Every structure is written in structure tokens, then in C-alpha cells.
Amino acid sequence: MNNLSAILNELKTSNTTLVAVSKTKSVEAILEAYNAGQRIFGENKVQEMVEKYEALPKDIQWHLIGHLQTNKVKYIAPFVSLIQSVDSFKLLQEINKEAAKNNRIIDCLLQIHIAKEETKFGLSFDEAKKIIFSPETKALKNIKIVGLMGMATNTDNQEQIREEFRTLHKFFLNSQFSTINSQLSMGMSSDYKIAIEEGSNLVRIGSAIFGERNYTH
Ligand SMILES: *Cc1c(COP(=O)(O)O)cnc(C)c1O
């Protein structure tokens, strides 16, 4: 886990929290990172996250970072620490319902579509604004929107990536997310340095810690 400690050292100076993205990686690999002190792990598939949750120490904080179908919320509601990929009001309602059943308040990030690619999930700024400021959202007592998440375009154009992060950061500051506890999740292995320069305080890093994945979801 040499890469993990190098990255943690790097993040220390900027007060950025690391989500170690462990999708497709084994329980053993996660345990190795855990034993090196890492406690926050990110998964993008519900079933994989549930299996790893059951197999691993219970003080791990699990972040869901992939698209979540409403019919699968119930499987993670008992234990998930942060759902980073909320992309509809309907999903928020379902999370609220399942959180209530578990007597919990589940923290959520709204995922914003900032990339130029069509394929990525996420809300537009207008859609996000509606959700953030709507009284219907305020009525959901078992969820808390604690910030925003975004993925930049997968490109070598660093200026484009920077601009996309900058736009999201601006929106973050202009929404209600200027308080000290708010989270802005931007940056992956290839672009987390730019993301931090542009205001990220939560980075989601997989391959730079665990090595390349054999397949991606
Ligand atoms: C896979 C994934 C990451 C991590 O990607 P790496 O390039 O391996 O760091 C971050 N965020 C999301 C949403 C992902 O699906």
C-alpha cells in the first residue's frame, strides 16, 4: 500500500478526504488498505458493496458512487455511510423511506452532470437547484443532502477538466453548501490534483491505489 500512504500524505496538506474506490478489488486488497489506516471505501455496485460490508470490519464507512436503482436502496440502507450518486428526486424519496425503516438519517450527495459525455449519469444544475431548494426535499426527514459530486470528461485536455470542476465548485458555493461540513466530491486517479486545486474536499481514487482494474463497470 505504498501508493496509499503517498496519496494520503499528498492530501493532508489540502484537508481533502480520501475515498478508496475498491470496486472489482478483493476483500484481501481492501483489508490491506484498512490495515494501513484507510476507513472510507467506495463501491459502485450494490451487491458487491453488501458482500464486502458483510465480510469486512464494521467500522468501515461505505460510500456508494455508482448509479443506484430505487429497488436496490433497501439493501444498503442499513449501513451505507454516504450515497454520492443521487440523480433524481424519486431516488431521494426512496432513500428517505428506507432510511426511516432503519431509523437512520442517510447522508447524500447530488451527482451533477458536468462532463461533455452523454453516457454519465447526473443532474443538470437546474435540476439540482430544484431539488436543493424545494420544500418537498425539506420534508424528507431521513435524508440529508450534504454536498455534490461530479465527474469530469474523460479527456487529456486538462483545461477542459479544470473548467468543469471550476463550474461545479462555483455552483457548490452558490447553493447552500458553503458550510464547513459540506462535501464536494470531485477527482479520480487521473484528475484529483486538478480537482483539489479547484475546491474538491473529497476525492475518489481507485486505480492509483489498488492498480488497474481488469474490467470496469
Ligand atoms: C471507478 C470510479 C472512480 C475511481 O476511478 P479511478 O480512475 O480508478 O481512480 C471514481 N469515481 C467513480 C464514480 C467511479 O465509478
# chains A, B, ... in the order shown; residues from 1 in each chain; ligands from 1

$ residues_near_ligand --ligand "ligand 1" --cutoff "6 Å" --atoms "only C-alpha atoms and all ligand atoms" --output "ChimeraX atom specification"
/A:21,44,65-66,188-190,204-208

$ closest_atom_pairs --of "range 131-190 of chain A" --to "range 104-109 of chain A" --cutoff "7 Å" --atoms "only C-alpha atoms" --output "JSON lines"
{"residue": "A:Asn142", "atom": "CA", "partner": "A:Ile105", "partner_atom": "CA", "distance": 4.3}
{"residue": "A:Ile143", "atom": "CA", "partner": "A:Ile106", "partner_atom": "CA", "distance": 4.8}
{"residue": "A:Lys144", "atom": "CA", "partner": "A:Asp107", "partner_atom": "CA", "distance": 4.8}
{"residue": "A:Ile145", "atom": "CA", "partner": "A:Cys108", "partner_atom": "CA", "distance": 4.8}
{"residue": "A:Val146", "atom": "CA", "partner": "A:Leu109", "partner_atom": "CA", "distance": 5.8}
{"residue": "A:Gly147", "atom": "CA", "partner": "A:Leu109", "partner_atom": "CA", "distance": 4.8}
{"residue": "A:Leu148", "atom": "CA", "partner": "A:Leu109", "partner_atom": "CA", "distance": 4.7}
{"residue": "A:Met149", "atom": "CA", "partner": "A:Leu109", "partner_atom": "CA", "distance": 6.1}

$ write_last_selection --atoms "C-alpha atoms" --output "CSV table (one decimal), in the first residue's frame"
chain,number,residue,atom,x,y,z
A,142,ASN,CA,-34.4,10.8,6.9
A,143,ILE,CA,-32.0,12.1,4.3
A,144,LYS,CA,-29.6,14.9,4.4
A,145,ILE,CA,-28.1,16.4,1.3
A,146,VAL,CA,-24.5,17.2,2.4
A,147,GLY,CA,-23.0,18.2,-0.9
A,148,LEU,CA,-22.3,17.5,-4.5
A,149,MET,CA,-20.5,15.0,-6.7

$ select_by_dssp --residues "chain A" --states "helix (DSSP H, G or I)" --output "JSON, numbers by chain"
{"A": [2, 3, 4, 5, 6, 7, 8, 9, 10, 11, 12, 27, 28, 29, 30, 31, 32, 33, 34, 35, 46, 47, 48, 49, 50, 51, 52, 53, 54, 55, 70, 71, 72, 73, 74, 75, 76, 89, 90, 91, 92, 93, 94, 95, 96, 97, 98, 99, 100, 101, 125, 126, 127, 128, 129, 130, 131, 132, 133, 135, 136, 137, 138, 158, 159, 160, 161, 162, 163, 164, 165, 166, 167, 168, 169, 170, 171, 172, 173, 174, 192, 193, 194, 195, 196, 197, 207, 208, 209, 210]}

$ select_by_dssp --residues "range 117-191 of chain A" --states "strand (DSSP E or B)" --output "ChimeraX atom specification"
/A:123,143-151,183-186

$ closest_residue --among "A:Ile95, A:Ser88, A:Ile83, A:Gly150" --to "Ile114 in chain A" --atoms "only C-alpha atoms"
A:Gly150

$ atom_distance --atom1 "CA of Asn214 in chain A" --atom2 "CA of Lys52 in chain A"
18.5 Å

$ residues_around --residues "Asn96 in chain A" --least-positions-apart "3" --cutoff "7 Å" --atoms "only C-alpha atoms" --output "number ranges by chain"
A: 92-93, 99-100, 140, 142-143

$ write_last_selection --atoms "N, CA, C and O atoms" --output "JSON list (two decimals), in the first residue's frame"
[["chain", "number", "residue", "atom", "x", "y", "z"],
["A", 92, "LEU", "N", -34.22, 10.01, -4.12],
["A", 92, "LEU", "CA", -34.11, 10.63, -2.80],
["A", 92, "LEU", "C", -35.29, 10.21, -1.90],
["A", 92, "LEU", "O", -35.11, 9.91, -0.72],
["A", 93, "GLN", "N", -36.47, 10.18, -2.48],
["A", 93, "GLN", "CA", -37.66, 9.76, -1.73],
["A", 93, "GLN", "C", -37.53, 8.31, -1.26],
["A", 93, "GLN", "O", -37.90, 7.97, -0.14],
["A", 99, "ALA", "N", -34.39, 4.69, 4.78],
["A", 99, "ALA", "CA", -33.64, 5.20, 5.94],
["A", 99, "ALA", "C", -34.55, 5.23, 7.16],
["A", 99, "ALA", "O", -34.14, 4.84, 8.27],
["A", 100, "ALA", "N", -35.79, 5.66, 6.95],
["A", 100, "ALA", "CA", -36.76, 5.72, 8.05],
["A", 100, "ALA", "C", -37.01, 4.33, 8.63],
["A", 100, "ALA", "O", -37.06, 4.15, 9.84],
["A", 140, "LEU", "N", -38.31, 15.64, 3.64],
["A", 140, "LEU", "CA", -37.72, 14.31, 3.79],
["A", 140, "LEU", "C", -36.79, 14.32, 5.01],
["A", 140, "LEU", "O", -35.68, 14.83, 4.94],
["A", 142, "ASN", "N", -35.43, 11.85, 6.73],
["A", 142, "ASN", "CA", -34.43, 10.80, 6.94],
["A", 142, "ASN", "C", -33.30, 10.79, 5.92],
["A", 142, "ASN", "O", -32.55, 9.82, 5.80],
["A", 143, "ILE", "N", -33.21, 11.88, 5.16],
["A", 143, "ILE", "CA", -32.03, 12.06, 4.31],
["A", 143, "ILE", "C", -31.47, 13.44, 4.59],
["A", 143, "ILE", "O", -32.18, 14.35, 5.04]]

$ closest_atom_pairs --of "range 155-194 of chain A" --to "range 129-137 of chain A" --cutoff "12 Å" --atoms "only C-alpha atoms" --output "tab-separated table"
residue	atom	partner	partner_atom	distance
A:Phe171	CA	A:Lys129	CA	9.2
A:Phe172	CA	A:Lys129	CA	10.2
A:Asn174	CA	A:Lys129	CA	10.0
A:Ser175	CA	A:Lys129	CA	7.6
A:Gln176	CA	A:Ile132	CA	8.0
A:Phe177	CA	A:Ile132	CA	9.9

$ write_last_selection --atoms "N, CA and C atoms" --output "PDB file, in the first residue's frame"
ATOM      1  N   PHE A 171     -21.002  26.481  -8.447  1.00  0.00           N
ATOM      2  CA  PHE A 171     -22.386  26.118  -8.129  1.00  0.00           C
ATOM      3  C   PHE A 171     -22.504  25.679  -6.670  1.00  0.00           C
ATOM      4  N   PHE A 172     -21.525  24.917  -6.226  1.00  0.00           N
ATOM      5  CA  PHE A 172     -21.468  24.442  -4.827  1.00  0.00           C
ATOM      6  C   PHE A 172     -21.491  25.628  -3.864  1.00  0.00           C
ATOM      7  N   ASN A 174     -22.531  28.660  -4.498  1.00  0.00           N
ATOM      8  CA  ASN A 174     -23.750  29.444  -4.662  1.00  0.00           C
ATOM      9  C   ASN A 174     -24.998  28.737  -4.141  1.00  0.00           C
ATOM     10  N   SER A 175     -24.884  27.431  -3.896  1.00  0.00           N
ATOM     11  CA  SER A 175     -26.006  26.712  -3.301  1.00  0.00           C
ATOM     12  C   SER A 175     -25.868  26.855  -1.791  1.00  0.00           C
ATOM     13  N   GLN A 176     -26.533  25.984  -1.066  1.00  0.00           N
ATOM     14  CA  GLN A 176     -26.451  26.150   0.383  1.00  0.00           C
ATOM     15  C   GLN A 176     -25.201  25.491   0.946  1.00  0.00           C
ATOM     16  N   PHE A 177     -24.307  25.044   0.057  1.00  0.00           N
ATOM     17  CA  PHE A 177     -23.196  24.216   0.505  1.00  0.00           C
ATOM     18  C   PHE A 177     -21.930  24.988   0.821  1.00  0.00           C
TER      19      PHE A 177
END

$ closest_residue --among "A:Ser81, A:Asn181, A:Asn103, A:Gln38" --to "Gln61 in chain A" --atoms "only C-alpha atoms"
A:Ser81

$ closest_residue --among "A:Ile7, A:Met186, A:Val50, A:Ile30" --to "Thr153 in chain A" --atoms "only C-alpha atoms"
A:Met186

$ closest_residue --among "A:Ile209, A:Glu163, A:Asn154, A:Ser182" --to "Glu197 in chain A" --atoms "only C-alpha atoms"
A:Glu163

$ residues_around --residues "Asn15 in chain A" --least-positions-apart "2" --cutoff "10 Å" --atoms "only C-alpha atoms" --output "list in words"
Glu10, Leu11, Lys12, Thr13, Thr17, Leu18, Ile196, Ser200, Asn201 and Leu202 of chain A

$ write_last_selection --atoms "N, CA and C atoms" --output "compact mmCIF listing (two decimals), in the first residue's frame"
# COMPACT_ATOMS: atom_id res chain seq x y z
N GLU A 10 -0.09 13.39 0.43
CA GLU A 10 -0.37 14.46 -0.51
C GLU A 10 -1.65 15.20 -0.12
N LEU A 11 -2.66 14.43 0.33
CA LEU A 11 -3.96 15.02 0.63
C LEU A 11 -3.96 15.80 1.94
N LYS A 12 -3.05 15.41 2.83
CA LYS A 12 -3.01 16.01 4.16
C LYS A 12 -2.92 17.53 4.10
N THR A 13 -2.08 18.03 3.22
CA THR A 13 -1.84 19.47 3.16
C THR A 13 -3.07 20.24 2.70
N THR A 17 -10.45 14.63 1.98
CA THR A 17 -10.74 13.27 2.45
C THR A 17 -10.65 12.29 1.29
N LEU A 18 -10.08 11.13 1.57
CA LEU A 18 -9.91 10.11 0.54
C LEU A 18 -10.97 9.03 0.63
N ILE A 196 -8.57 19.08 -6.62
CA ILE A 196 -8.25 19.70 -5.33
C ILE A 196 -7.93 21.19 -5.53
N SER A 200 -12.20 20.74 -4.55
CA SER A 200 -12.70 19.47 -4.04
C SER A 200 -12.24 19.25 -2.60
N ASN A 201 -13.11 18.64 -1.77
CA ASN A 201 -12.63 18.22 -0.45
C ASN A 201 -12.87 16.73 -0.21
N LEU A 202 -13.24 16.01 -1.28
CA LEU A 202 -13.47 14.57 -1.20
C LEU A 202 -13.05 13.99 -2.55

$ decode --residues "range 167-181 of chain A" --atoms "all heavy atoms" --output "short mmCIF file (atom, residue, chain, number, x, y, z; two decimals), in the first residue's frame"
data_model
loop_
_atom_site.label_atom_id
_atom_site.label_comp_id
_atom_site.auth_asym_id
_atom_site.auth_seq_id
_atom_site.Cartn_x
_atom_site.Cartn_y
_atom_site.Cartn_z
N THR A 167 -16.63 25.02 -12.58
CA THR A 167 -18.05 25.33 -12.70
C THR A 167 -18.86 24.68 -11.58
O THR A 167 -19.76 25.28 -11.00
CB THR A 167 -18.58 24.84 -14.07
OG1 THR A 167 -17.73 25.37 -15.09
CG2 THR A 167 -20.00 25.29 -14.32
N LEU A 168 -18.49 23.44 -11.26
CA LEU A 168 -19.21 22.74 -10.19
C LEU A 168 -18.91 23.39 -8.84
O LEU A 168 -19.81 23.55 -8.00
CB LEU A 168 -18.82 21.25 -10.17
CG LEU A 168 -19.56 20.39 -9.14
CD1 LEU A 168 -21.07 20.49 -9.29
CD2 LEU A 168 -19.12 18.92 -9.24
N HIS A 169 -17.67 23.78 -8.63
CA HIS A 169 -17.30 24.43 -7.38
C HIS A 169 -18.07 25.74 -7.19
O HIS A 169 -18.56 26.05 -6.10
CB HIS A 169 -15.79 24.69 -7.35
CG HIS A 169 -15.30 25.28 -6.06
ND1 HIS A 169 -14.50 26.39 -6.01
CD2 HIS A 169 -15.52 24.92 -4.78
CE1 HIS A 169 -14.24 26.69 -4.73
NE2 HIS A 169 -14.84 25.82 -3.97
N LYS A 170 -18.20 26.46 -8.27
CA LYS A 170 -18.95 27.73 -8.22
C LYS A 170 -20.41 27.47 -7.82
O LYS A 170 -20.97 28.16 -6.97
CB LYS A 170 -18.87 28.41 -9.61
CG LYS A 170 -18.82 29.92 -9.54
CD LYS A 170 -18.68 30.55 -10.93
CE LYS A 170 -17.23 30.61 -11.40
NZ LYS A 170 -17.12 31.00 -12.85
N PHE A 171 -21.00 26.48 -8.45
CA PHE A 171 -22.39 26.12 -8.13
C PHE A 171 -22.50 25.68 -6.67
O PHE A 171 -23.46 26.04 -5.97
CB PHE A 171 -22.85 25.00 -9.07
CG PHE A 171 -24.26 24.55 -8.82
CD1 PHE A 171 -25.34 25.30 -9.27
CD2 PHE A 171 -24.52 23.37 -8.14
CE1 PHE A 171 -26.65 24.89 -9.04
CE2 PHE A 171 -25.82 22.94 -7.91
CZ PHE A 171 -26.89 23.71 -8.36
N PHE A 172 -21.53 24.92 -6.23
CA PHE A 172 -21.47 24.44 -4.83
C PHE A 172 -21.49 25.63 -3.86
O PHE A 172 -22.25 25.64 -2.90
CB PHE A 172 -20.18 23.62 -4.68
CG PHE A 172 -19.88 23.11 -3.30
CD1 PHE A 172 -20.54 22.00 -2.79
CD2 PHE A 172 -18.88 23.70 -2.54
CE1 PHE A 172 -20.23 21.51 -1.52
CE2 PHE A 172 -18.56 23.21 -1.28
CZ PHE A 172 -19.24 22.12 -0.77
N LEU A 173 -20.69 26.63 -4.15
CA LEU A 173 -20.63 27.80 -3.27
C LEU A 173 -21.90 28.62 -3.34
O LEU A 173 -22.33 29.21 -2.34
CB LEU A 173 -19.43 28.68 -3.65
CG LEU A 173 -18.04 28.07 -3.42
CD1 LEU A 173 -16.96 29.03 -3.85
CD2 LEU A 173 -17.85 27.65 -1.97
N ASN A 174 -22.53 28.66 -4.50
CA ASN A 174 -23.75 29.44 -4.66
C ASN A 174 -25.00 28.74 -4.14
O ASN A 174 -26.05 29.35 -4.00
CB ASN A 174 -23.97 29.79 -6.14
CG ASN A 174 -22.97 30.82 -6.62
OD1 ASN A 174 -22.41 31.57 -5.82
ND2 ASN A 174 -22.73 30.86 -7.92
N SER A 175 -24.88 27.43 -3.90
CA SER A 175 -26.01 26.71 -3.30
C SER A 175 -25.87 26.85 -1.79
O SER A 175 -25.15 27.71 -1.32
CB SER A 175 -25.97 25.25 -3.73
OG SER A 175 -25.83 25.16 -5.13
N GLN A 176 -26.53 25.98 -1.07
CA GLN A 176 -26.45 26.15 0.38
C GLN A 176 -25.20 25.49 0.95
O GLN A 176 -25.03 25.38 2.14
CB GLN A 176 -27.69 25.55 1.04
CG GLN A 176 -27.83 24.06 0.76
CD GLN A 176 -29.16 23.52 1.21
OE1 GLN A 176 -30.15 24.24 1.27
NE2 GLN A 176 -29.20 22.24 1.51
N PHE A 177 -24.31 25.04 0.06
CA PHE A 177 -23.20 24.22 0.50
C PHE A 177 -21.93 24.99 0.82
O PHE A 177 -20.85 24.62 0.40
CB PHE A 177 -22.88 23.15 -0.54
CG PHE A 177 -24.06 22.29 -0.85
CD1 PHE A 177 -24.62 22.33 -2.10
CD2 PHE A 177 -24.61 21.47 0.11
CE1 PHE A 177 -25.71 21.54 -2.40
CE2 PHE A 177 -25.70 20.68 -0.17
CZ PHE A 177 -26.25 20.71 -1.43
N SER A 178 -22.06 26.08 1.53
CA SER A 178 -20.83 26.81 1.85
C SER A 178 -20.39 26.55 3.28
O SER A 178 -19.37 27.05 3.73
CB SER A 178 -21.03 28.29 1.61
OG SER A 178 -22.31 28.66 2.03
N THR A 179 -21.18 25.75 4.01
CA THR A 179 -20.81 25.49 5.41
C THR A 179 -19.62 24.56 5.48
O THR A 179 -19.30 23.84 4.54
CB THR A 179 -21.98 24.87 6.19
OG1 THR A 179 -22.25 23.61 5.60
CG2 THR A 179 -23.21 25.74 6.13
N ILE A 180 -19.01 24.55 6.64
CA ILE A 180 -17.75 23.84 6.83
C ILE A 180 -17.88 22.33 6.61
O ILE A 180 -16.95 21.67 6.17
CB ILE A 180 -17.18 24.18 8.24
CG1 ILE A 180 -15.72 23.79 8.34
CG2 ILE A 180 -18.01 23.57 9.34
CD1 ILE A 180 -14.79 24.93 8.09
N ASN A 181 -19.08 21.78 6.87
CA ASN A 181 -19.23 20.34 6.77
C ASN A 181 -19.66 19.85 5.39
O ASN A 181 -19.82 18.66 5.18
CB ASN A 181 -20.25 19.85 7.81
CG ASN A 181 -19.75 20.04 9.21
OD1 ASN A 181 -18.56 19.80 9.47
ND2 ASN A 181 -20.60 20.48 10.10
#
